[in-house]
$ cat work_20.txt   # compact mmCIF, C-alpha atoms
# COMPACT_ATOMS: atom_id res chain seq x y z
CA MET A 8 190.27 33.61 -7.62
CA SER A 9 193.92 33.48 -6.77
CA THR A 10 193.67 30.99 -3.92
CA PRO A 11 195.42 27.70 -4.75
CA PRO A 12 193.20 24.63 -5.11
CA SER A 13 193.06 22.28 -2.13
CA VAL A 14 194.63 18.83 -2.36
CA SER A 15 191.22 17.17 -2.41
CA ALA A 16 190.20 19.22 -5.48
CA ARG A 17 192.81 17.41 -7.58
CA PRO A 18 191.64 14.77 -10.04
CA ARG A 19 192.09 11.22 -8.84
CA ALA A 20 194.55 10.34 -11.57
CA PHE A 21 196.97 12.82 -10.06
CA GLY A 22 198.46 10.03 -7.92
CA ALA A 23 200.13 7.98 -10.65
CA GLY A 24 200.63 11.13 -12.70
CA ARG A 25 203.01 12.45 -10.05
CA VAL A 26 205.56 9.86 -11.11
CA LEU A 27 205.24 11.17 -14.67
CA ILE A 28 205.61 14.74 -13.42
CA THR A 29 208.75 13.72 -11.51
CA VAL A 30 210.36 12.33 -14.64
CA TYR A 31 209.32 15.48 -16.52
CA ALA A 32 210.88 17.65 -13.83
CA ILE A 33 214.16 15.69 -13.96
CA LEU A 34 214.25 15.98 -17.75
CA ALA A 35 213.42 19.69 -17.51
CA ILE A 36 216.35 20.22 -15.12
CA GLY A 37 218.64 18.15 -17.34
CA ALA A 38 217.70 19.78 -20.64
CA THR A 39 217.71 23.33 -19.28
CA SER A 40 220.99 23.14 -17.39
CA ARG A 41 222.65 21.43 -20.32
CA ALA A 42 221.40 24.15 -22.68
CA ILE A 43 222.62 26.94 -20.40
CA TYR A 44 226.02 25.30 -20.18
CA GLN A 45 226.20 24.87 -23.97
CA ILE A 46 225.14 28.46 -24.68
CA PHE A 47 227.96 29.81 -22.54
CA THR A 48 230.69 27.44 -23.68
CA ALA A 49 230.13 26.11 -27.19
CA PHE A 50 227.38 28.07 -28.91
CA SER A 51 229.38 28.85 -32.04
CA THR A 52 230.30 25.21 -32.66
CA ALA A 53 226.73 23.95 -33.10
CA PRO A 54 224.27 26.87 -32.99
CA LEU A 55 221.36 24.88 -34.43
CA ALA A 56 221.68 21.99 -32.00
CA ILE A 57 222.18 24.27 -29.01
CA THR A 58 219.21 26.48 -29.93
CA LEU A 59 217.09 23.34 -30.14
CA SER A 60 218.52 22.19 -26.82
CA ALA A 61 217.44 25.46 -25.19
CA LEU A 62 214.01 25.26 -26.83
CA SER A 63 213.51 21.70 -25.59
CA GLY A 64 214.52 22.81 -22.08
CA VAL A 65 211.86 25.55 -22.12
CA ILE A 66 209.26 23.11 -23.46
CA TYR A 67 209.99 20.55 -20.74
CA VAL A 68 209.77 23.18 -18.00
CA LEU A 69 206.46 24.44 -19.43
CA ALA A 70 205.10 20.90 -19.75
CA THR A 71 206.06 20.10 -16.14
CA VAL A 72 204.31 23.20 -14.86
CA ALA A 73 201.27 22.60 -17.08
CA LEU A 74 200.92 19.03 -15.82
CA ILE A 75 200.98 20.19 -12.20
CA LEU A 76 198.61 23.17 -12.38
CA PRO A 77 194.85 22.67 -12.69
CA GLY A 78 192.42 24.37 -15.02
CA PRO A 79 191.54 24.25 -18.71
CA ARG A 80 194.24 26.71 -19.77
CA TRP A 81 197.04 24.60 -18.28
CA TYR A 82 195.39 21.48 -19.62
CA ARG A 83 195.60 22.98 -23.11
CA THR A 84 199.17 24.14 -22.49
CA ALA A 85 200.07 20.59 -21.45
CA TRP A 86 198.64 19.19 -24.68
CA ILE A 87 200.46 21.77 -26.81
CA THR A 88 203.85 21.33 -25.13
CA ILE A 89 203.63 17.55 -25.03
CA SER A 90 202.59 17.39 -28.70
CA PHE A 91 205.49 19.69 -29.49
CA GLU A 92 207.84 17.31 -27.67
CA LEU A 93 206.61 14.30 -29.58
CA ALA A 94 207.00 16.18 -32.87
CA GLY A 95 210.42 17.42 -31.72
CA VAL A 96 211.79 14.01 -30.83
CA LEU A 97 210.49 12.49 -34.07
CA VAL A 98 211.63 15.30 -36.40
CA ILE A 99 214.95 16.06 -34.71
CA GLY A 100 215.59 12.38 -34.14
CA THR A 101 215.19 11.73 -37.85
CA LEU A 102 217.17 14.82 -38.90
CA SER A 103 220.03 13.89 -36.58
CA LEU A 104 220.35 10.58 -38.40
CA ILE A 105 220.07 12.14 -41.87
CA ALA A 106 222.35 15.13 -41.22
CA PRO A 107 224.56 14.20 -38.25
CA GLN A 108 227.06 16.99 -39.03
CA ASP A 109 224.51 19.55 -37.77
CA PHE A 110 224.11 17.67 -34.50
CA ALA A 111 227.68 17.07 -33.42
CA ASP A 112 228.19 15.57 -29.98
CA ARG A 113 224.50 14.56 -29.57
CA SER A 114 223.86 18.10 -28.50
CA THR A 115 220.10 17.95 -28.01
CA VAL A 116 217.92 15.74 -25.85
CA TRP A 117 216.02 14.83 -29.01
CA SER A 118 219.00 13.71 -31.13
CA GLU A 119 218.77 10.12 -32.29
CA TYR A 120 215.33 9.84 -30.70
CA GLY A 121 216.71 10.67 -27.26
CA ILE A 122 219.27 7.86 -27.08
CA GLY A 123 221.49 9.95 -24.77
CA TYR A 124 218.58 10.11 -22.32
CA LEU A 125 217.70 6.39 -22.42
CA PHE A 126 214.94 7.10 -25.00
CA ILE A 127 212.93 8.73 -22.23
CA PRO A 128 212.18 11.77 -24.48
CA LEU A 129 210.49 9.41 -26.92
CA VAL A 130 208.39 7.54 -24.37
CA LEU A 131 207.47 10.44 -22.10
CA PRO A 132 205.19 12.44 -24.44
CA VAL A 133 203.18 9.31 -25.22
CA LEU A 134 202.72 8.58 -21.49
CA GLY A 135 201.93 12.24 -20.96
CA MET A 136 199.15 12.15 -23.56
CA LEU A 137 197.69 8.97 -22.08
CA TYR A 138 197.77 10.56 -18.64
CA LEU A 139 196.11 13.78 -19.85
CA ARG A 140 193.34 11.82 -21.58
CA ARG A 141 192.73 9.68 -18.51
CA ARG A 142 192.71 12.66 -16.18
CA HIS A 143 190.26 14.44 -18.46
CA ARG A 144 187.92 11.45 -18.50
CA LEU A 145 188.03 11.02 -14.73
CA ALA A 146 187.32 14.72 -14.28
CA ALA A 147 184.38 14.46 -16.69
CA GLU A 148 182.93 11.52 -14.75
CA ALA A 149 183.27 13.23 -11.39
CA MET B 9 236.26 11.29 -8.64
CA ILE B 10 237.49 8.06 -7.12
CA GLY B 11 236.73 5.00 -9.24
CA TRP B 12 235.70 2.48 -6.58
CA TYR B 13 233.68 5.05 -4.66
CA THR B 14 231.73 5.93 -7.81
CA VAL B 15 230.99 2.26 -8.45
CA VAL B 16 229.76 1.81 -4.87
CA GLU B 17 227.62 4.93 -5.09
CA VAL B 18 226.04 4.01 -8.43
CA ALA B 19 225.37 0.46 -7.17
CA ILE B 20 223.70 1.71 -3.97
CA ALA B 21 221.66 4.31 -5.89
CA VAL B 22 220.44 1.63 -8.34
CA LEU B 23 219.57 -0.79 -5.51
CA ALA B 24 217.85 1.94 -3.49
CA GLY B 25 215.97 3.00 -6.62
CA LEU B 26 214.75 -0.48 -7.52
CA PHE B 27 213.87 -1.17 -3.86
CA SER B 28 211.62 1.91 -3.64
CA VAL B 29 210.07 1.51 -7.09
CA VAL B 30 209.13 -2.12 -6.31
CA LEU B 31 207.77 -1.31 -2.84
CA GLY B 32 205.88 1.67 -4.23
CA LEU B 33 204.27 -0.33 -7.02
CA ALA B 34 203.39 -2.96 -4.39
CA GLY B 35 201.37 -0.25 -2.66
CA ARG B 36 203.61 0.75 0.24
CA LYS B 37 203.58 4.29 1.54
CA PRO B 38 206.97 5.93 2.12
CA ASN B 39 208.48 4.48 5.28
CA ASP B 40 211.76 4.76 7.19
CA TYR B 41 213.42 2.26 4.86
CA THR B 42 212.53 3.91 1.54
CA ILE B 43 213.14 7.45 2.81
CA GLY B 44 216.30 6.18 4.50
CA ALA B 45 217.52 4.67 1.23
CA ALA B 46 217.09 8.01 -0.56
CA LEU B 47 218.81 9.72 2.38
CA LEU B 48 221.74 7.30 2.11
CA VAL B 49 222.07 8.16 -1.61
CA GLU B 50 222.04 11.85 -0.69
CA VAL B 51 224.72 11.40 2.00
CA LEU B 52 226.91 9.52 -0.49
CA LEU B 53 226.46 12.46 -2.90
CA VAL B 54 227.54 14.94 -0.26
CA ALA B 55 230.67 12.82 0.27
CA GLN B 56 231.11 12.96 -3.51
CA VAL B 57 231.10 16.77 -3.32
CA VAL B 58 233.94 16.59 -0.78
CA ILE B 59 235.83 14.14 -2.99
CA ALA B 60 235.36 16.37 -6.04
CA ILE B 61 236.72 19.37 -4.15
CA VAL B 62 239.68 17.56 -2.56
CA ALA B 63 240.72 15.18 -5.36
CA PRO B 64 242.23 17.86 -7.68
CA PHE B 65 244.63 18.83 -4.87
CA ALA B 66 245.87 15.23 -4.88
CA GLY B 67 246.51 15.40 -8.61
CA ASN B 68 243.20 13.79 -9.57
CA ARG B 69 241.67 16.43 -11.87
CA PRO B 70 238.63 16.12 -14.13
CA THR B 71 239.69 15.61 -17.74
CA GLY B 72 236.46 17.16 -19.00
CA SER B 73 234.66 20.37 -18.13
CA GLU B 74 234.65 21.09 -14.42
CA ILE B 75 231.64 23.42 -14.80
CA GLU B 76 229.59 20.73 -16.53
CA PHE B 77 230.60 18.27 -13.81
CA TYR B 78 229.38 20.59 -11.06
CA ILE B 79 226.11 21.35 -12.87
CA TYR B 80 225.39 17.63 -12.79
CA LEU B 81 226.50 17.32 -9.18
CA VAL B 82 224.31 20.18 -7.94
CA ALA B 83 221.29 18.89 -9.91
CA ALA B 84 221.92 15.38 -8.53
CA LEU B 85 222.04 16.75 -4.98
CA LEU B 86 218.64 18.44 -5.42
CA ILE B 87 216.78 15.42 -6.82
CA PRO B 88 216.64 13.10 -3.74
CA LEU B 89 215.86 16.13 -1.56
CA LEU B 90 212.88 17.12 -3.70
CA GLY B 91 211.71 13.50 -3.91
CA GLY B 92 212.09 13.09 -0.16
CA PHE B 93 210.26 16.34 0.50
CA TRP B 94 207.37 15.21 -1.68
CA ALA B 95 207.31 11.84 0.11
CA LEU B 96 206.94 13.62 3.45
CA VAL B 97 204.21 15.96 2.21
CA GLU B 98 202.08 13.44 0.33
CA ARG B 99 202.26 10.01 1.86
CA ASP B 100 200.93 7.58 -0.69
CA ARG B 101 202.44 4.76 -2.72
CA TRP B 102 203.35 7.00 -5.64
CA SER B 103 205.65 8.96 -3.38
CA THR B 104 207.57 5.74 -2.78
CA VAL B 105 207.86 5.20 -6.54
CA ILE B 106 209.07 8.80 -6.90
CA LEU B 107 211.75 8.20 -4.25
CA GLY B 108 212.94 5.25 -6.31
CA ILE B 109 212.96 7.22 -9.58
CA ALA B 110 214.94 9.96 -7.85
CA CYS B 111 217.61 7.42 -6.79
CA LEU B 112 217.75 5.93 -10.30
CA ALA B 113 218.15 9.42 -11.79
CA VAL B 114 221.07 10.01 -9.42
CA ALA B 115 222.67 6.76 -10.62
CA VAL B 116 222.39 7.87 -14.27
CA MET B 117 223.81 11.28 -13.44
CA MET B 118 226.72 9.69 -11.55
CA VAL B 119 227.58 7.68 -14.64
CA ARG B 120 227.49 10.90 -16.70
CA MET B 121 229.66 12.69 -14.15
CA ASN B 122 232.15 9.85 -14.21
CA ILE B 123 232.36 10.14 -18.00
CA ILE B 124 232.96 13.89 -17.74
CA TRP B 125 235.69 13.31 -15.16
CA THR B 126 237.52 10.43 -16.81
CA VAL B 127 236.68 9.75 -20.46
CA GLN B 128 237.00 12.30 -23.23
CA ILE B 129 235.91 11.22 -26.66
CA ALA B 130 236.54 14.50 -28.48
$ encode --input "work_20.txt" --output "structure tokens"
Amino acid sequence: MSTPPSVSARPRAFGAGRVLITVYAILAIGATSRAIYQIFTAFSTAPLAITLSALSGVIYVLATVALILPGPRWYRTAWITISFELAGVLVIGTLSLIAPQDFADRSTVWSEYGIGYLFIPLVLPVLGMLYLRRRHRLAAEA
Amino acid sequence: MIGWYTVVEVAIAVLAGLFSVVLGLAGRKPNDYTIGAALLVEVLLVAQVVIAIVAPFAGNRPTGSEIEFYIYLVAALLIPLLGGFWALVERDRWSTVILGIACLAVAVMMVRMNIIWTVQIA
């Protein structure tokens, strides 16, 4: 049960999906390290934004792992985390425009729809969902 | 950081990134040129580490947070290595695209690092 799946057991769509996973991994590193830095240096100045920053870091790490690992449980985890990201970037993006005083210094990856990260946080969950759907279909056909 | 060196490094990282992304999308597997381009970006980053350590002794100190600067620098150093490792393990066209994305990410992080070092808005 615990043996890792062989390379050939991976769904075909994994090829192009690896680029997506790479971008996820980079964003995970960026969001997590930024959150850790903020927690230790400036937590009291913007606790809401920094808590969200840390949460987004955890979500991106989870999503990256869930996209890589096979199996229905990770597939579901990927859907949950990616949906959460899309909701996060839309809700926090909107809130950061309505109440900018709570989001000083663009402190989360989701502020202003991810403008500080070239809008990648806005585009990535959509691509992630398309990829998951495609991978699921290919697996069903096989 | 040294201004002209940063410009050169960002320019090379962007060119290396576009080069690999285009070749990858055109269906090329990672070859000596695309892996070499990522390696060049990595070597330039290592030189950047030396510059970051030495420059403060010459009176060129970061105006922003030194810790934040080094978090970016360490993360930037890891990215081409991980991309290159993946390219060696799985040799298909997507690995070439990944090499390119890794170089582009380094370019973005260099710009961020330059902002931390030189420009302070707050």
$ closest_atom_pairs --input "work_20.txt" --of "chain B" --to "chain A" --cutoff "7 Å" --atoms "only C-alpha atoms" --output "CSV"
residue,atom,partner,partner_atom,distance
B:Glu76,CA,A:Tyr44,CA,6.9
B:Trp102,CA,A:Ala23,CA,6.0
B:Val105,CA,A:Val26,CA,6.9
B:Ile106,CA,A:Val26,CA,5.6
$ atom_distance --input "work_20.txt" --atom1 "CA of Val130 (chain A)" --atom2 "CA of Val96 (chain A)"
9.8 Å
$ atom_distance --input "work_20.txt" --atom1 "CA of Gln56 (chain B)" --atom2 "CA of Ala38 (chain A)"
22.8 Å
$ atom_distance --input "work_20.txt" --atom1 "CA of Gly32 (chain B)" --atom2 "CA of Gly108 (chain B)"
8.2 Å
$ residues_around --input "work_20.txt" --residues "Leu90 (chain B)" --least-positions-apart "6" --cutoff "12 Å" --atoms "all atoms listed in the file" --output "short mmCIF file (atom, residue, chain, number, x, y, z; two decimals) with C-alpha atoms, in the coordinates of the input"
data_model
loop_
_atom_site.label_atom_id
_atom_site.label_comp_id
_atom_site.auth_asym_id
_atom_site.auth_seq_id
_atom_site.Cartn_x
_atom_site.Cartn_y
_atom_site.Cartn_z
CA THR A 29 208.75 13.72 -11.51
CA ALA A 32 210.88 17.65 -13.83
CA ILE A 33 214.16 15.69 -13.96
CA ILE B 43 213.14 7.45 2.81
CA ALA B 46 217.09 8.01 -0.56
CA LEU B 47 218.81 9.72 2.38
CA GLU B 50 222.04 11.85 -0.69
CA ALA B 83 221.29 18.89 -9.91
CA ALA B 84 221.92 15.38 -8.53
CA LEU B 96 206.94 13.62 3.45
CA VAL B 97 204.21 15.96 2.21
CA SER B 103 205.65 8.96 -3.38
CA ILE B 106 209.07 8.80 -6.90
CA LEU B 107 211.75 8.20 -4.25
CA ILE B 109 212.96 7.22 -9.58
CA ALA B 110 214.94 9.96 -7.85
CA CYS B 111 217.61 7.42 -6.79
#
$ closest_residue --input "work_20.txt" --among "A:Ala35, A:Pro77, A:Leu145, A:Ser118" --to "Leu59 (chain A)" --atoms "only C-alpha atoms"
A:Ser118
$ residues_around --input "work_20.txt" --residues "region 58-68 of chain B" --least-positions-apart "3" --cutoff "9 Å" --atoms "all atoms listed in the file" --output "PDB file with C-alpha atoms, in the frame of the given file"
ATOM      1  CA  MET B   9     236.260  11.290  -8.640  1.00  0.00           C
ATOM      2  CA  ILE B  10     237.490   8.060  -7.120  1.00  0.00           C
ATOM      3  CA  LEU B  53     226.460  12.460  -2.900  1.00  0.00           C
ATOM      4  CA  VAL B  54     227.540  14.940  -0.260  1.00  0.00           C
ATOM      5  CA  ALA B  55     230.670  12.820   0.270  1.00  0.00           C
ATOM      6  CA  TYR B  78     229.380  20.590 -11.060  1.00  0.00           C
TER       7      TYR B  78
END
$ closest_residue --input "work_20.txt" --among "B:Leu86, B:Ala19, B:Leu81, B:Phe27" --to "Gly44 (chain B)" --atoms "all atoms listed in the file"
B:Phe27
$ residues_around --input "work_20.txt" --residues "Ile20 (chain B)" --least-positions-apart "4" --cutoff "8 Å" --atoms "all atoms listed in the file" --output "JSON, numbers by chain"
{"B": [16, 24, 49]}
$ closest_residue --input "work_20.txt" --among "A:Leu129, A:Ile122, A:Ala70, A:Ile105" --to "Tyr31 (chain A)" --atoms "all atoms listed in the file"
A:Ala70
$ residues_near_point --input "work_20.txt" --point "(211.1, 20.3, -25.2)" --cutoff "12 Å" --atoms "all atoms listed in the file" --output "ChimeraX atom specification"
/A:31-32,34-39,42,58-71,85,87-97,99,115-118,121,128-129,131-132
$ axis_aligned_box --input "work_20.txt" --around "region 58-69 of chain B" --padding-each-side "5 Å" --output "AutoDock Vina command-line options"
--center_x 240.2 --center_y 16.6 --center_z -6.3 --size_x 22.6 --size_y 15.6 --size_z 21.1
